[in-house]
Amino acid sequence: QLQLVESGGGLVQPGGSLRLSCAASGFSLDYYAIGWFRQAPGKEREGVSCISTIDGTTYYVASVKGRFTISRDNAKNTVYLQMNSLKPEDTAVYYCAVQKQQGPARIGSRGLNQMDFGSWGQGTQVTVSS
């Protein structure tokens, strides 16, 4: 059974760092792109970052460029999201999901389309507050 489990969220002060993990089971990440999404209270879910193994492509939404770094460890079948210089506006529940179609990440003109992703994890809460 294909499953993703996020971890690593928590409470951090502005300017702090967190590393989120997305552990996959039931399938290999070797052939799929993995995306990180977040949803803040009262807001729509947005695509934050994505990584594809086949061509090494990474994507970041403009608001996190230069602060977040996505990476993967194929041996551990895990994708990470290193978040530095965190801001209060980064507060949200963070989810990882696998692109339904094998191959490179599909990045549209508006970034990630959550309809292209499935097998969502349960989410991990990130709270940035002093």
# chains A, B, ... in the order shown; residues from 1 in each chain; ligands from 1

call {"tool": "residues_around", "arguments": {"residues": "segment 57-60 of chain A", "least_positions_apart": "4", "cutoff": "12 Å", "atoms": "only C-alpha atoms", "output": "short mmCIF file (atom, residue, chain, number, x, y, z; two decimals) with N, CA, C and O atoms, in the first residue's frame"}}
result
data_model
loop_
_atom_site.label_atom_id
_atom_site.label_comp_id
_atom_site.auth_asym_id
_atom_site.auth_seq_id
_atom_site.Cartn_x
_atom_site.Cartn_y
_atom_site.Cartn_z
N TYR A 32 9.16 8.78 -9.23
CA TYR A 32 8.08 9.74 -9.01
C TYR A 32 8.60 11.06 -8.46
O TYR A 32 9.59 11.10 -7.73
N ALA A 33 7.90 12.11 -8.80
CA ALA A 33 8.15 13.40 -8.18
C ALA A 33 7.36 13.50 -6.88
O ALA A 33 6.24 12.98 -6.77
N ILE A 34 7.94 14.16 -5.91
CA ILE A 34 7.30 14.38 -4.62
C ILE A 34 7.16 15.87 -4.39
O ILE A 34 8.10 16.64 -4.61
N GLY A 35 5.98 16.25 -3.98
CA GLY A 35 5.73 17.67 -3.72
C GLY A 35 5.42 17.93 -2.25
O GLY A 35 4.88 17.07 -1.56
N TRP A 36 5.79 19.12 -1.83
CA TRP A 36 5.40 19.62 -0.51
C TRP A 36 4.37 20.72 -0.71
O TRP A 36 4.58 21.62 -1.53
N PHE A 37 3.30 20.63 0.03
CA PHE A 37 2.24 21.63 0.00
C PHE A 37 2.00 22.12 1.43
O PHE A 37 2.40 21.47 2.40
N GLU A 46 -1.40 25.42 -0.97
CA GLU A 46 -0.51 25.88 -2.02
C GLU A 46 0.70 24.96 -2.14
O GLU A 46 1.16 24.36 -1.16
N GLY A 47 1.19 24.85 -3.35
CA GLY A 47 2.38 24.06 -3.61
C GLY A 47 3.62 24.83 -3.22
O GLY A 47 3.82 25.96 -3.67
N VAL A 48 4.44 24.26 -2.39
CA VAL A 48 5.63 24.93 -1.87
C VAL A 48 6.89 24.52 -2.62
O VAL A 48 7.69 25.37 -3.02
N SER A 49 7.05 23.23 -2.83
CA SER A 49 8.29 22.75 -3.45
C SER A 49 8.05 21.36 -4.02
O SER A 49 7.10 20.66 -3.64
N CYS A 50 8.92 20.98 -4.94
CA CYS A 50 8.78 19.68 -5.59
C CYS A 50 10.15 19.22 -6.05
O CYS A 50 11.01 20.06 -6.39
N ILE A 51 10.34 17.92 -6.08
CA ILE A 51 11.60 17.36 -6.58
C ILE A 51 11.29 16.11 -7.39
O ILE A 51 10.44 15.30 -7.02
N SER A 52 11.98 15.98 -8.51
CA SER A 52 11.82 14.77 -9.31
C SER A 52 13.18 14.10 -9.40
O SER A 52 14.20 14.76 -9.53
N THR A 53 13.17 12.80 -9.32
CA THR A 53 14.40 12.04 -9.31
C THR A 53 15.00 11.89 -10.69
O THR A 53 16.20 11.95 -10.87
N VAL A 64 9.31 31.13 -0.89
CA VAL A 64 10.26 30.35 -0.09
C VAL A 64 11.63 30.21 -0.76
O VAL A 64 12.55 29.63 -0.18
N LYS A 65 11.77 30.71 -1.97
CA LYS A 65 13.05 30.61 -2.67
C LYS A 65 14.17 31.23 -1.86
O LYS A 65 14.02 32.33 -1.32
N GLY A 66 15.28 30.51 -1.78
CA GLY A 66 16.42 31.00 -1.02
C GLY A 66 16.36 30.67 0.45
O GLY A 66 17.35 30.84 1.17
N ARG A 67 15.21 30.19 0.92
CA ARG A 67 15.07 29.84 2.34
C ARG A 67 14.83 28.35 2.53
O ARG A 67 15.26 27.77 3.52
N PHE A 68 14.11 27.74 1.62
CA PHE A 68 13.78 26.31 1.71
C PHE A 68 14.63 25.52 0.71
O PHE A 68 14.92 26.00 -0.39
N THR A 69 14.98 24.30 1.10
CA THR A 69 15.71 23.40 0.21
C THR A 69 15.09 22.01 0.28
O THR A 69 14.94 21.45 1.37
N ILE A 70 14.75 21.49 -0.89
CA ILE A 70 14.18 20.15 -0.96
C ILE A 70 15.27 19.17 -1.39
O ILE A 70 16.12 19.51 -2.21
N SER A 71 15.25 17.99 -0.81
CA SER A 71 16.24 16.97 -1.16
C SER A 71 15.62 15.59 -0.95
O SER A 71 14.53 15.47 -0.38
N ARG A 72 16.32 14.58 -1.44
CA ARG A 72 15.80 13.23 -1.26
C ARG A 72 16.94 12.28 -0.97
O ARG A 72 18.07 12.47 -1.42
N VAL A 79 12.00 12.05 1.37
CA VAL A 79 12.22 13.40 0.86
C VAL A 79 12.22 14.36 2.04
O VAL A 79 11.42 14.20 2.97
N LEU A 81 12.47 18.54 3.48
CA LEU A 81 12.30 19.97 3.20
C LEU A 81 12.99 20.73 4.33
O LEU A 81 12.48 20.78 5.45
N MET A 83 13.88 24.00 6.02
CA MET A 83 13.28 25.33 6.05
C MET A 83 14.10 26.23 6.97
O MET A 83 14.18 25.97 8.18
N GLY A 103 7.63 10.11 -13.80
CA GLY A 103 8.42 10.97 -14.66
C GLY A 103 8.77 12.28 -13.99
O GLY A 103 8.60 12.45 -12.78
N PRO A 104 9.24 13.22 -14.77
CA PRO A 104 9.65 14.51 -14.21
C PRO A 104 8.48 15.26 -13.57
O PRO A 104 7.31 15.00 -13.90
N ALA A 105 8.80 16.15 -12.68
CA ALA A 105 7.77 16.94 -12.03
C ALA A 105 7.05 17.81 -13.06
O ALA A 105 7.67 18.36 -13.98
N ARG A 106 5.76 17.91 -12.92
CA ARG A 106 4.95 18.74 -13.80
C ARG A 106 4.75 20.09 -13.13
O ARG A 106 4.04 20.20 -12.13
N ILE A 107 5.38 21.10 -13.68
CA ILE A 107 5.29 22.44 -13.11
C ILE A 107 4.56 23.31 -14.11
O ILE A 107 5.06 23.56 -15.21
N GLY A 108 3.40 23.79 -13.73
CA GLY A 108 2.61 24.64 -14.61
C GLY A 108 2.97 26.10 -14.44
O GLY A 108 3.82 26.48 -13.65
N SER A 109 2.29 26.92 -15.22
CA SER A 109 2.55 28.36 -15.16
C SER A 109 2.19 28.93 -13.79
O SER A 109 2.71 29.97 -13.38
N ARG A 110 1.33 28.23 -13.08
CA ARG A 110 0.94 28.65 -11.74
C ARG A 110 1.59 27.79 -10.66
O ARG A 110 1.16 27.80 -9.51
N GLY A 111 2.61 27.05 -11.05
CA GLY A 111 3.31 26.22 -10.08
C GLY A 111 2.73 24.82 -10.02
O GLY A 111 2.35 24.25 -11.04
N LEU A 112 2.67 24.26 -8.84
CA LEU A 112 2.18 22.90 -8.66
C LEU A 112 0.65 22.87 -8.64
O LEU A 112 0.02 23.74 -8.04
#

call {"tool": "select_by_dssp", "arguments": {"residues": "chain A", "states": "strand (DSSP E)", "output": "PyMOL selection string"}}
result
chain A and resi 3-7+10-12+18-25+33-39+46-52+58-60+68-73+78-83+92-99+117-118+124-128

call {"tool": "residues_around", "arguments": {"residues": "Asp116 of chain A", "least_positions_apart": "6", "cutoff": "9 Å", "atoms": "only C-alpha atoms", "output": "ChimeraX atom specification"}}
result
/A:98-101,106

call {"tool": "residues_around", "arguments": {"residues": "Asp90 of chain A", "least_positions_apart": "6", "cutoff": "12 Å", "atoms": "only C-alpha atoms", "output": "PyMOL selection string"}}
result
chain A and resi 9-18+37-41+46+48+63-64+67-68+83-84+125-129

call {"tool": "atom_distance", "arguments": {"atom1": "atom CA of Phe27 of chain A", "atom2": "atom CA of Leu2 of chain A"}}
result
5.9 Å

call {"tool": "residues_around", "arguments": {"residues": "Ser28 of chain A", "least_positions_apart": "5", "cutoff": "10 Å", "atoms": "only C-alpha atoms", "output": "list in words"}}
result
Leu2, Asn74, Ala75, Lys76, Asn77 and Thr78 of chain A

call {"tool": "atom_distance", "arguments": {"atom1": "atom CA of Glu44 of chain A", "atom2": "atom CA of Val93 of chain A"}}
result
11.3 Å

call {"tool": "atom_distance", "arguments": {"atom1": "atom CA of Gly8 of chain A", "atom2": "atom CA of Thr124 of chain A"}}
result
7.1 Å

call {"tool": "residues_around", "arguments": {"residues": "Ser7 of chain A", "least_positions_apart": "4", "cutoff": "7 Å", "atoms": "only C-alpha atoms", "output": "ChimeraX atom specification"}}
result
/A:20-22,124

call {"tool": "write_last_selection", "arguments": {"atoms": "all heavy atoms", "output": "short mmCIF file (atom, residue, chain, number, x, y, z; two decimals), in the first residue's frame"}}
result
data_model
loop_
_atom_site.label_atom_id
_atom_site.label_comp_id
_atom_site.auth_asym_id
_atom_site.auth_seq_id
_atom_site.Cartn_x
_atom_site.Cartn_y
_atom_site.Cartn_z
N LEU A 20 11.61 19.09 7.62
CA LEU A 20 10.50 18.16 7.49
C LEU A 20 10.94 16.92 6.72
O LEU A 20 11.77 17.02 5.81
CB LEU A 20 9.33 18.81 6.77
CG LEU A 20 8.80 20.12 7.36
CD1 LEU A 20 7.58 20.58 6.56
CD2 LEU A 20 8.47 19.98 8.81
N SER A 21 10.38 15.79 7.10
CA SER A 21 10.66 14.54 6.41
C SER A 21 9.38 13.97 5.84
O SER A 21 8.31 14.10 6.45
CB SER A 21 11.29 13.52 7.36
OG SER A 21 12.52 13.97 7.87
N CYS A 22 9.50 13.32 4.71
CA CYS A 22 8.37 12.63 4.06
C CYS A 22 8.86 11.23 3.72
O CYS A 22 9.62 11.05 2.76
CB CYS A 22 7.93 13.38 2.82
SG CYS A 22 6.67 12.54 1.84
N THR A 124 1.91 17.75 8.85
CA THR A 124 2.65 18.08 10.06
C THR A 124 2.56 19.59 10.27
O THR A 124 2.74 20.36 9.34
CB THR A 124 4.11 17.60 9.99
OG1 THR A 124 4.77 17.83 11.24
CG2 THR A 124 4.89 18.28 8.87
#
